[in-house]
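Source file: run_39.txt. Holds: compact mmCIF, C-alpha atoms.
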```
# COMPACT_ATOMS: atom_id res chain seq x y z
CA MET R 3 65.85 105.62 171.21
CA PRO R 4 65.55 108.78 169.03
CA TRP R 5 69.17 109.78 169.55
CA LYS R 6 70.33 106.51 168.02
CA ILE R 7 68.23 107.16 164.92
CA GLU R 8 69.68 110.67 164.54
CA THR R 9 73.21 109.34 164.92
CA TYR R 10 72.57 106.75 162.24
CA ILE R 11 71.17 109.37 159.86
CA TRP R 12 74.14 111.71 160.36
CA MET R 13 76.56 108.83 159.71
CA LYS R 14 74.86 108.10 156.40
CA ILE R 15 74.91 111.77 155.43
CA THR R 16 78.60 112.21 156.23
CA ARG R 17 79.51 109.12 154.25
CA VAL R 18 77.96 110.73 151.17
CA LEU R 19 78.97 114.34 151.75
CA ILE R 20 82.64 113.88 152.65
CA PRO R 21 83.67 112.24 149.31
CA PHE R 22 81.60 114.87 147.44
CA ILE R 23 83.36 117.72 149.28
CA ILE R 24 86.79 116.21 148.59
CA PHE R 25 85.89 115.90 144.90
CA VAL R 26 84.77 119.53 144.68
CA ILE R 27 87.94 120.75 146.40
CA GLY R 28 90.08 118.71 144.03
CA VAL R 29 88.29 120.08 140.98
CA CYS R 30 88.62 123.66 142.19
CA SER R 31 92.32 123.26 142.95
CA SER R 32 92.93 121.73 139.53
CA CYS R 33 91.16 124.63 137.89
CA THR R 34 93.77 127.00 139.29
CA ARG R 35 96.51 125.17 137.35
CA ASP R 36 96.60 126.45 133.77
CA ALA R 37 98.46 123.90 131.66
CA PRO R 38 99.64 125.39 128.38
CA LYS R 39 97.79 122.94 126.16
CA PHE R 40 94.46 124.06 127.73
CA ARG R 41 95.26 127.75 127.12
CA LEU R 42 95.59 127.76 123.34
CA GLU R 43 94.05 131.23 123.08
CA SER R 44 96.58 132.93 125.40
CA ILE R 45 99.83 131.00 124.91
CA ASN R 46 101.85 130.65 121.77
CA LEU R 47 102.42 126.97 121.32
CA PRO R 48 104.70 125.16 121.48
CA LEU R 49 105.86 126.36 124.88
CA MET R 50 109.68 126.57 124.98
CA ILE R 51 111.31 125.13 128.11
CA PHE R 52 115.00 125.91 128.49
CA SER R 53 117.01 123.45 130.58
CA GLU R 54 120.46 123.23 132.07
CA ILE R 55 122.17 120.66 134.32
CA THR R 56 124.82 120.92 137.00
CA VAL R 57 126.43 117.58 137.88
CA GLU R 58 127.27 117.21 141.55
CA SER R 59 128.82 113.74 141.40
CA LEU R 60 129.16 110.82 138.99
CA ARG R 61 130.29 107.38 140.12
CA ASN R 62 130.02 103.59 139.63
CA VAL R 63 130.97 103.74 135.96
CA PHE R 64 133.98 101.39 136.02
CA ASN R 65 133.02 97.97 134.57
CA SER R 66 129.38 98.27 135.68
CA GLY R 67 127.58 99.35 132.50
CA GLU R 68 125.75 102.13 134.35
CA ALA R 69 126.42 105.37 136.18
CA THR R 70 124.95 106.94 139.31
CA ILE R 71 124.61 110.71 138.87
CA ASP R 72 123.62 113.36 141.40
CA LEU R 73 122.55 116.48 139.49
CA TYR R 74 120.57 119.70 139.65
CA LEU R 75 118.04 120.26 136.87
CA ARG R 76 117.04 123.86 136.22
CA GLU R 77 114.21 124.70 133.85
CA ALA R 78 112.84 128.08 132.75
CA TRP R 79 109.71 129.00 130.81
CA LYS R 80 107.22 131.83 130.51
CA ASP R 81 103.79 131.57 132.15
CA VAL R 82 101.06 134.03 131.17
CA GLN R 83 99.21 133.63 134.46
CA VAL R 84 102.32 134.50 136.44
CA GLN R 85 102.86 137.58 134.29
CA LYS R 86 99.29 138.74 134.91
CA LEU R 87 99.73 138.17 138.64
CA PHE R 88 102.86 140.34 138.69
CA GLU R 89 101.11 143.05 136.69
CA THR R 90 98.33 143.09 139.29
CA LEU R 91 100.81 143.33 142.15
CA ILE R 92 102.68 146.17 140.42
CA LEU R 93 99.45 148.10 139.83
CA ASN R 94 98.50 147.69 143.49
CA GLY R 95 101.90 149.00 144.51
CA THR R 96 102.84 145.77 146.22
CA MET R 97 105.88 145.28 143.95
CA THR R 98 108.16 147.51 141.92
CA GLN R 99 108.72 147.27 138.21
CA ASN R 100 111.71 144.92 137.70
CA SER R 101 111.13 142.29 135.06
CA SER R 102 114.45 140.50 135.51
CA LYS R 103 114.36 140.03 139.27
CA PHE R 104 113.23 136.61 140.45
CA VAL R 105 111.04 136.24 143.51
CA SER R 106 110.88 132.97 145.44
CA ILE R 107 107.46 131.35 145.55
CA PRO R 108 106.53 129.79 148.91
CA LYS R 109 106.27 126.02 148.87
CA ASP R 110 102.64 126.01 149.99
CA GLU R 111 101.77 128.03 146.84
CA TRP R 112 103.60 125.85 144.34
CA ASP R 113 100.36 124.14 143.40
CA LEU R 114 99.06 127.46 142.09
CA VAL R 115 101.78 127.63 139.44
CA TRP R 116 102.00 125.30 136.47
CA THR R 117 105.20 123.22 136.52
CA THR R 118 106.77 120.85 134.03
CA ASP R 119 106.39 117.10 133.96
CA THR R 120 109.94 116.41 132.77
CA PHE R 121 111.27 112.90 133.34
CA PHE R 122 114.49 111.02 132.55
CA VAL R 123 114.18 108.69 129.58
CA LYS R 124 115.66 105.16 129.94
CA ALA R 125 116.82 105.82 133.49
CA TYR R 126 117.15 102.69 135.60
CA GLU R 127 116.33 104.60 138.78
CA THR R 128 115.23 108.16 139.56
CA LYS R 129 115.11 109.64 143.04
CA TYR R 130 113.60 113.10 143.46
CA GLU R 131 113.74 114.98 146.76
CA GLN R 132 110.09 115.88 146.66
CA PHE R 133 109.36 116.25 150.36
CA SER R 134 112.34 118.37 151.43
CA HIS R 135 113.25 121.99 150.82
CA TYR R 136 116.90 121.12 150.18
CA GLY R 137 117.92 121.09 146.55
CA GLN R 138 114.78 122.58 145.02
CA PHE R 139 113.14 125.95 144.55
CA LEU R 140 110.57 127.72 142.40
CA LYS R 141 111.01 131.36 141.42
CA ALA R 142 109.20 133.77 139.14
CA ALA R 143 109.95 137.12 137.52
CA ALA R 144 107.71 140.03 136.52
CA ASN R 145 107.97 139.19 132.82
CA GLY R 146 106.31 135.81 133.49
CA THR R 147 109.48 133.74 133.52
CA VAL R 148 109.32 130.81 135.93
CA LEU R 149 112.53 129.16 137.13
CA GLN R 150 112.39 125.72 138.68
CA SER R 151 115.31 123.81 140.19
CA ARG R 152 115.24 120.23 141.43
CA ARG R 153 117.83 117.80 142.70
CA PHE R 154 117.83 114.24 141.34
CA ARG R 155 119.79 111.06 141.82
CA ILE R 156 119.53 108.92 138.72
CA VAL R 157 121.04 105.69 137.43
CA VAL R 158 121.54 105.78 133.66
CA PRO R 159 122.99 103.19 131.24
CA CYS R 160 126.53 103.51 129.91
CA ILE R 161 127.52 101.91 126.62
CA GLN R 162 130.84 101.10 125.03
CA ASN R 163 132.31 98.82 122.37
CA TYR R 164 133.19 95.87 124.61
CA LEU R 165 135.18 94.15 121.87
CA PHE R 166 137.82 96.89 122.15
CA HIS R 167 137.60 97.30 125.92
CA PRO R 168 139.54 98.88 127.67
CA PHE R 169 140.52 101.04 124.67
CA SER R 170 136.92 101.96 123.82
CA HIS R 171 135.16 105.08 125.05
CA ILE R 172 132.40 104.94 127.67
CA ILE R 173 129.28 106.97 126.87
CA CYS R 174 126.71 107.68 129.60
CA SER R 175 123.56 109.28 128.20
CA VAL R 176 121.07 111.47 130.09
CA LYS R 177 117.81 112.11 128.20
CA LEU R 178 115.00 114.46 129.25
CA SER R 179 111.48 114.64 127.84
CA SER R 180 107.98 115.73 128.76
CA TYR R 181 105.85 112.87 130.02
CA GLY R 182 102.39 114.04 128.97
CA HIS R 183 102.90 116.77 126.36
CA SER R 184 103.84 116.18 122.75
CA SER R 185 106.26 118.26 120.78
CA ASP R 186 103.32 120.29 119.42
CA ASN R 187 102.67 121.69 122.91
CA ILE R 188 106.08 121.66 124.63
CA ARG R 189 109.56 121.91 123.19
CA LEU R 190 112.61 121.22 125.34
CA GLN R 191 115.84 123.04 124.54
CA TRP R 192 119.23 123.55 126.12
CA THR R 193 119.94 127.09 127.24
CA ASN R 194 123.25 126.90 125.39
CA LEU R 195 124.62 123.99 123.39
CA ASP R 196 128.15 124.84 124.52
CA ASN R 197 127.85 125.04 128.31
CA ALA R 198 124.31 124.04 129.28
CA VAL R 199 125.72 121.10 131.27
CA GLU R 200 128.27 121.92 133.95
CA PHE R 201 130.63 119.12 134.98
CA PRO R 202 133.14 120.16 137.69
CA LYS R 203 136.54 118.49 137.87
CA ASP R 204 135.83 116.98 141.28
CA ALA R 205 132.46 115.55 140.20
CA LEU R 206 133.99 112.32 138.86
CA GLU R 207 134.46 109.89 141.74
CA ASP R 208 135.88 106.94 139.77
CA ASN R 209 139.68 106.86 139.68
CA ALA R 210 139.80 104.27 136.88
CA ILE R 211 138.40 106.54 134.15
CA ASP R 212 139.10 110.00 132.73
CA PHE R 213 136.50 112.55 131.66
CA LEU R 214 136.70 113.59 127.99
CA ASN R 215 133.82 115.83 126.97
CA ILE R 216 130.05 116.36 126.86
CA LYS R 217 127.93 116.33 123.70
CA LEU R 218 124.48 117.95 123.72
CA ARG R 219 121.67 117.17 121.30
CA GLU R 220 118.04 118.14 120.72
CA ILE R 221 115.96 115.44 119.02
CA ASN R 222 112.42 114.16 118.64
CA ILE R 223 111.28 110.63 119.41
CA THR R 224 108.02 108.98 118.38
CA PHE R 225 106.07 106.85 120.83
CA SER R 226 102.70 105.32 119.93
CA GLY R 227 102.41 107.64 116.98
CA THR R 228 103.06 110.80 119.03
CA SER R 229 106.20 112.90 118.71
CA PHE R 230 107.94 114.06 121.89
CA SER R 231 110.71 116.60 122.28
CA VAL R 232 113.88 115.16 123.85
CA ILE R 233 117.13 116.77 124.94
CA GLU R 234 120.17 114.57 125.47
CA ALA R 235 123.53 114.98 127.18
CA GLU R 236 126.25 112.41 126.46
CA PHE R 237 129.11 112.11 128.94
CA HIS R 238 132.22 110.63 127.31
CA PHE R 239 134.84 108.86 129.41
CA LEU R 240 138.04 106.93 128.71
CA ASN R 241 139.55 104.12 130.76
CA LYS R 242 142.94 104.73 132.32
CA LEU R 243 145.10 102.32 130.34
CA GLY R 244 147.95 102.28 132.85
CA LEU R 245 145.84 100.13 135.17
CA TYR R 246 145.24 97.54 132.45
CA PHE R 247 148.84 97.50 131.25
CA LEU R 248 150.11 96.87 134.78
CA HIS R 249 147.50 94.23 135.60
CA THR R 250 146.94 92.41 132.30
CA PHE R 251 149.07 93.15 129.24
CA ILE R 252 152.59 93.40 130.68
CA PRO R 253 152.28 90.37 133.05
CA SER R 254 150.87 88.23 130.23
CA ALA R 255 153.70 89.11 127.84
CA VAL R 256 156.32 88.52 130.55
CA LEU R 257 154.92 85.06 131.31
CA VAL R 258 155.04 84.14 127.62
CA VAL R 259 158.72 85.17 127.44
CA LEU R 260 159.49 83.22 130.62
CA SER R 261 157.98 80.10 129.09
CA TRP R 262 160.67 80.26 126.37
CA ILE R 263 163.48 79.75 128.89
CA GLY R 264 162.95 76.00 128.61
CA PHE R 265 164.09 76.12 124.98
CA PHE R 266 167.61 77.12 126.13
CA ILE R 267 167.92 74.59 128.96
CA ASN R 268 169.59 71.23 128.37
CA ARG R 269 167.06 68.81 126.97
CA ASN R 270 168.16 66.20 129.50
CA ALA R 271 167.25 68.50 132.45
CA THR R 272 163.65 67.34 132.56
CA PRO R 273 162.81 68.55 136.12
CA ALA R 274 163.98 72.11 135.39
CA ARG R 275 162.01 72.40 132.16
CA ALA R 276 158.93 70.82 133.74
CA SER R 277 159.04 73.28 136.66
CA ILE R 278 159.23 76.30 134.34
CA SER R 279 156.38 75.04 132.17
CA LEU R 280 154.01 74.25 135.04
CA THR R 281 154.81 77.49 136.88
CA THR R 282 154.08 79.70 133.86
CA VAL R 283 150.88 77.81 133.02
CA LEU R 284 149.46 78.09 136.55
CA THR R 285 150.48 81.74 136.89
CA ILE R 286 148.87 82.91 133.67
CA LEU R 287 145.76 80.81 134.40
CA THR R 288 145.42 82.54 137.78
CA LEU R 289 145.87 85.91 136.11
CA ALA R 290 143.18 85.11 133.53
CA VAL R 291 140.64 84.00 136.13
CA LYS R 292 141.32 87.05 138.32
CA THR R 293 141.05 89.49 135.41
CA ASN R 294 137.72 88.08 134.20
CA LYS R 295 135.92 88.91 137.49
CA ARG R 296 133.70 91.75 136.30
CA GLU R 297 130.01 92.53 136.12
CA TYR R 298 129.47 92.29 132.36
CA ASN R 299 129.75 89.18 130.21
CA SER R 300 131.29 89.96 126.85
CA LEU R 301 134.45 89.23 124.90
CA THR R 302 136.95 92.10 125.21
CA ALA R 303 140.33 92.99 123.75
CA SER R 304 142.02 92.28 127.07
CA ASP R 305 140.47 88.79 127.07
CA ILE R 306 141.74 88.13 123.55
CA TYR R 307 145.27 89.20 124.47
CA LEU R 308 145.30 87.33 127.76
CA TRP R 309 144.00 84.03 126.46
CA THR R 310 146.24 84.19 123.39
CA CYS R 311 149.21 84.51 125.75
CA PHE R 312 147.81 81.54 127.66
CA MET R 313 147.81 79.48 124.44
CA PHE R 314 151.44 80.47 123.81
CA VAL R 315 152.40 79.19 127.26
CA ILE R 316 150.49 75.95 126.63
CA ALA R 317 152.28 75.56 123.28
CA ALA R 318 155.64 75.94 125.02
CA THR R 319 154.64 73.17 127.43
CA VAL R 320 153.64 70.92 124.54
CA GLU R 321 156.99 71.62 122.89
CA PHE R 322 158.76 70.53 126.08
CA ALA R 323 156.74 67.30 126.15
CA SER R 324 157.55 66.49 122.53
CA SER R 325 161.23 67.32 123.02
CA ASP R 326 161.42 65.11 126.09
CA TYR R 327 159.66 62.31 124.21
CA TYR R 328 162.20 62.31 121.39
CA ASN R 329 165.06 62.54 123.91
CA LYS R 330 164.34 59.09 125.33
CA PRO R 331 166.38 56.31 123.60
CA ARG R 332 164.43 53.34 122.35
CA PHE R 333 167.28 50.98 123.28
CA LYS R 334 169.66 51.12 126.19
CA MET R 335 173.33 51.22 125.45
CA ASN R 336 176.15 50.32 127.79
CA ASN R 337 178.66 52.65 126.09
CA SER R 338 178.21 56.01 124.47
CA LYS R 339 180.65 55.12 121.63
CA PRO R 340 179.75 52.67 118.90
CA PRO R 341 181.37 49.26 119.41
CA ASP R 342 183.93 47.94 117.00
CA SER R 343 183.10 44.95 114.91
CA SER R 344 186.27 43.18 116.11
CA THR R 345 185.28 43.51 119.82
CA PRO R 346 184.79 40.06 121.33
CA PHE R 347 181.61 39.04 123.04
CA LYS R 348 181.14 39.92 126.68
CA LYS R 349 180.33 37.49 129.38
CA THR R 350 176.66 38.07 129.03
CA HIS R 351 176.73 36.66 125.55
CA SER R 352 179.18 33.86 126.23
CA ALA R 353 176.43 31.46 127.10
CA ALA R 354 174.82 31.77 123.70
CA ILE R 355 177.99 31.67 121.62
CA PRO R 356 181.15 30.49 123.37
CA VAL R 357 184.26 32.58 122.92
CA VAL R 358 187.17 30.51 121.60
CA ARG R 359 190.52 32.15 120.90
CA ASN R 360 191.85 31.84 117.37
CA ASN R 361 194.66 29.29 117.50
CA ALA R 362 196.15 28.18 114.24
CA SER R 363 197.58 25.02 115.85
CA ASN R 364 194.13 23.84 116.84
CA SER R 365 193.04 22.47 113.49
CA SER R 366 190.26 20.37 115.04
CA THR R 367 187.92 23.35 115.48
CA PRO R 368 187.79 25.35 112.18
CA ASP R 369 183.98 25.56 112.12
CA ILE R 370 183.75 27.03 115.61
CA ASN R 371 186.28 29.76 114.81
CA ARG R 372 184.46 30.65 111.65
CA ARG R 373 181.10 30.95 113.48
CA GLN R 374 182.71 33.09 116.18
CA SER R 375 184.09 35.59 113.66
CA LEU R 376 180.79 35.81 111.80
CA ALA R 377 178.80 36.40 115.03
CA SER R 378 181.23 39.10 116.18
CA ALA R 379 180.85 40.95 112.88
CA ARG R 380 177.07 40.80 113.07
CA TRP R 381 177.08 42.07 116.68
CA GLY R 382 179.23 45.05 115.79
CA VAL R 383 177.03 46.03 112.85
CA ALA R 384 173.89 45.78 115.00
CA MET R 385 175.32 47.97 117.78
CA GLN R 386 176.46 50.60 115.28
CA SER R 387 172.90 50.74 113.86
CA VAL R 388 171.41 51.20 117.33
CA TYR R 389 173.85 53.99 118.17
CA LYS R 390 173.12 55.75 114.90
CA CYS R 391 169.35 55.56 115.54
CA VAL R 392 169.68 57.02 119.05
CA ARG R 393 171.99 59.78 117.84
CA GLU R 394 169.51 60.76 115.12
CA GLU R 395 166.68 60.97 117.67
CA ARG R 396 168.81 63.17 119.96
CA ASN R 397 169.68 65.42 117.05
CA ARG R 398 166.00 65.61 116.17
CA SER R 399 165.22 66.77 119.72
CA SER R 400 167.79 69.52 119.60
CA LYS R 401 166.44 70.67 116.24
CA VAL R 402 162.97 71.09 117.81
CA ASP R 403 164.42 73.33 120.51
CA VAL R 404 166.43 75.35 118.01
CA LEU R 405 163.42 75.88 115.77
CA SER R 406 161.27 76.81 118.77
CA ARG R 407 163.74 79.51 119.79
CA ILE R 408 163.03 81.22 116.48
CA PHE R 409 159.44 80.21 115.72
CA PHE R 410 157.78 81.16 119.04
CA PRO R 411 159.18 84.74 119.27
CA LEU R 412 158.36 85.45 115.62
CA VAL R 413 154.76 84.26 115.95
CA PHE R 414 154.27 86.19 119.21
CA LEU R 415 155.74 89.32 117.61
CA PHE R 416 153.38 88.93 114.64
CA PHE R 417 150.39 88.58 116.97
CA ASN R 418 151.35 91.75 118.86
CA ILE R 419 151.74 93.70 115.61
CA VAL R 420 148.28 92.63 114.39
CA PHE R 421 146.66 93.22 117.80
CA TRP R 422 148.02 96.71 118.43
CA LEU R 423 147.50 97.70 114.80
CA ALA R 424 143.79 96.82 115.10
CA ILE R 425 143.55 98.85 118.33
CA GLY R 426 145.23 101.82 116.63
CA ILE R 427 142.83 101.67 113.67
CA PHE R 428 139.86 101.58 116.04
CA LYS R 429 141.08 104.63 117.95
CA LEU R 430 141.77 106.49 114.71
CA GLN R 431 138.24 105.79 113.43
CA TYR R 432 136.74 107.08 116.67
CA PHE R 433 138.60 110.40 116.50
CA LEU R 434 137.81 110.78 112.79
CA ASN R 435 134.12 110.30 113.51
CA GLY R 436 134.26 113.05 116.12
```
What would the structure in this file look like if it were written as structure tokens?
Amino acid sequence: MPWKIETYIWMKITRVLIPFIIFVIGVCSSCTRDAPKFRLESINLPLMIFSEITVESLRNVFNSGEATIDLYLREAWKDVQVQKLFETLILNGTMTQNSSKFVSIPKDEWDLVWTTDTFFVKAYETKYEQFSHYGQFLKAAANGTVLQSRRFRIVVPCIQNYLFHPFSHIICSVKLSSYGHSSDNIRLQWTNLDNAVEFPKDALEDNAIDFLNIKLREINITFSGTSFSVIEAEFHFLNKLGLYFLHTFIPSAVLVVLSWIGFFINRNATPARASISLTTVLTILTLAVKTNKREYNSLTASDIYLWTCFMFVIAATVEFASSDYYNKPRFKMNNSKPPDSSTPFKKTHSAAIPVVRNNASNSSTPDINRRQSLASARWGVAMQSVYKCVREERNRSSKVDVLSRIFFPLVFLFFNIVFWLAIGIFKLQYFLNG
């Protein structure tokens, strides 16, 4: 069984040698990558990396609090090792002297060139096309300049002042920083603060917003006591207000005005006034529920306006209920005119007090005639009091309607003046702050 022993020995040897060989190959390959912070004697630190961005598409901004951006990130820096390599090739006659001409580096040799470790700060999601040739390249020039381009799909947060939505501006921020190198070793800069970020007109895929401008900044952030260089691009957008006026503000104001129609309808037409009140209440409630279907939970200016209009419609319904309550008489009357005190009793009252005609020749019944006259006078006074009470209540009802015709429009006009004045002040402050 010697062959079995040899096989066993070789298996043990390979189990030890293969990991050692892989380790040696990894160390040798890592030695070929000269990171700038390990080459302090040959590179002037900090290494300047110039960046620029071309936005391919931007979408999913409307009412979502985030934006999905497809972009190309191009970075350029100078590498001493690349410059030495080009000098060697020029001396050997392999290449001609042209320091500004970029040469594409094959993908299988990318590991021989140091590349940046730039990442997107505070990005919800980052997708990099690492395993495909589309959307990325690595080039180098004779003067040592290395140009790297990569295609990303990122999801970044978008902020706005929700209290003044939809009149507030939407700001989507893209931040870039080095992951492992502090600001003492690597500094990130925009190639040009005016046009380092290119945003084509057809890049915006949301029809509910308009593109305003882009603001570029270069800042430093401190994390765990270490300062990192950060470049930031802020994309500013503005909601298209026509959509909100057609869907929220104008319908709400129209429903409030329609609820006032009941003030001009006869107070005795209860079914008509009730139909108008219930219809306006249900319509504006449906509008409010439909408008509030969005992905963020916060009080906005459109909510304030909409629910204030809803309260105006409810107040008009309460006014109708109070007017109808005062319109009901507390006592039923057979005639609309007040009875005369000399009117004799009707048949319904004849059982209580008999009606006896006044006959001067009948001297045997003076007490009965006197009681009949006294009762008739009391009945007339009582009926006049009832009629006066009912008439006062009806006049009170009409006064409520008349006052409502003036009070409701004035209060609604005052609310609109205050609301739109606050929106105007907010917009003015934004433009004054740049």
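Shortest atom-to-atom contact with Ile278 in chain R among R:Phe322, R:Ile252, R:Thr147, R:Cys311: R:Phe322, counting all atoms listed in the file.
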Quick one: residues within 7 Å of Asp81 in chain R, all atoms listed in the file counted, chain neighbours fewer than 3 positions away excluded, as a PDB file with C-alpha atoms, keeping the file's coordinate frame?
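File produced: out-v4.pdb:
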```
ATOM      1  CA  VAL R  84     102.320 134.500 136.440  1.00  0.00           C
ATOM      2  CA  GLN R  85     102.860 137.580 134.290  1.00  0.00           C
ATOM      3  CA  GLY R 146     106.310 135.810 133.490  1.00  0.00           C
ATOM      4  CA  THR R 147     109.480 133.740 133.520  1.00  0.00           C
ATOM      5  CA  VAL R 148     109.320 130.810 135.930  1.00  0.00           C
TER       6      VAL R 148
END
```
> Using all atoms listed in the file, which residues sit within 10 Å of Asp326 in chain R once same-chain residues fewer than 5 positions away are excluded, as a list in words?
Replying inline: Arg269, Asn270, Ala271, Thr272, Arg275, Ala276, Val320, Glu321, Arg396 and Ser399 of chain R
> If you measure from CA of Phe121 in chain R to CA of Ser180 in chain R, what distance in Å do you get, rounded to one decimal?
Replying inline: 6.3 Å
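The gap separating CA of Val63 in chain R from CA of Asn209 in chain R is 10.0 Å, in Å to one decimal.
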>> I'd like the contact shell of Glu207 in chain R - 10 Å cut-off, all atoms listed in the file, skipping same-chain residues fewer than 3 positions apart - returned as a ChimeraX atom specification.
In response: /R:59-63,203-204,210-211
> Please, what distance in Å, to one decimal, runs between CA of Ile71 in chain R and CA of Lys141 in chain R?
Replying inline: 24.9 Å
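The closest residue to Glu236 in chain R, picked from R:Leu114, R:Leu49, R:Leu214, R:Leu73 and counting all atoms listed in the file, is R:Leu214.
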> Which of these residues is nearest to Lys86 in chain R, using only C-alpha atoms: R:Ser300, R:Gln191, R:Asn145, R:Thr117?
Replying inline: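 Of R:Ser300, R:Gln191, R:Asn145, R:Thr117, the one nearest Lys86 in chain R is R:Asn145, counting only C-alpha atoms.
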>> Restricting the calculation to all atoms listed in the file: of R:Thr310, R:Ser325, R:Thr293, R:Thr193, which residue gets closest to Val413 in chain R?
In response: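 Checking each candidate against Val413 in chain R, we get R:Thr310 as the closest.
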> Using all atoms listed in the file, which of the listed residues (R:Leu257, R:Leu308, R:Ile156, R:Ile51) sits closest to Val283 in chain R?
Replying inline: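 The answer is R:Leu257, which sits nearest to Val283 in chain R.
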>> When you count all atoms listed in the file, which of these residues is closest to Tyr327 in chain R: R:Ala255, R:Ile233, R:Val402, R:Ser261?
In response: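 Comparing R:Ala255, R:Ile233, R:Val402, R:Ser261 against Tyr327 in chain R, the winner is R:Val402.
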> At most 12 Å from (160.8, 75.3, 118.1), file frame, only C-alpha atoms: which residues, as a list of chain:residue names?
Replying inline: R:Trp262, R:Ile263, R:Gly264, R:Phe265, R:Phe266, R:Ala317, R:Ala318, R:Thr319, R:Val320, R:Glu321, R:Phe322, R:Ser324, R:Ser325, R:Arg398, R:Ser399, R:Ser400, R:Lys401, R:Val402, R:Asp403, R:Val404, R:Leu405, R:Ser406, R:Arg407, R:Ile408, R:Phe409, R:Phe410, R:Pro411, R:Leu412, R:Val413
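Omitting Ser254 in chain R and its sequence neighbours fewer than 4 positions away, and counting all atoms listed in the file, the residues within 9 Å are R:His249, R:Thr250, R:Val258, R:Val259, R:Ile286, R:Leu289, R:Ala290, R:Tyr307, R:Leu308, R:Trp309, R:Cys311, R:Phe312.
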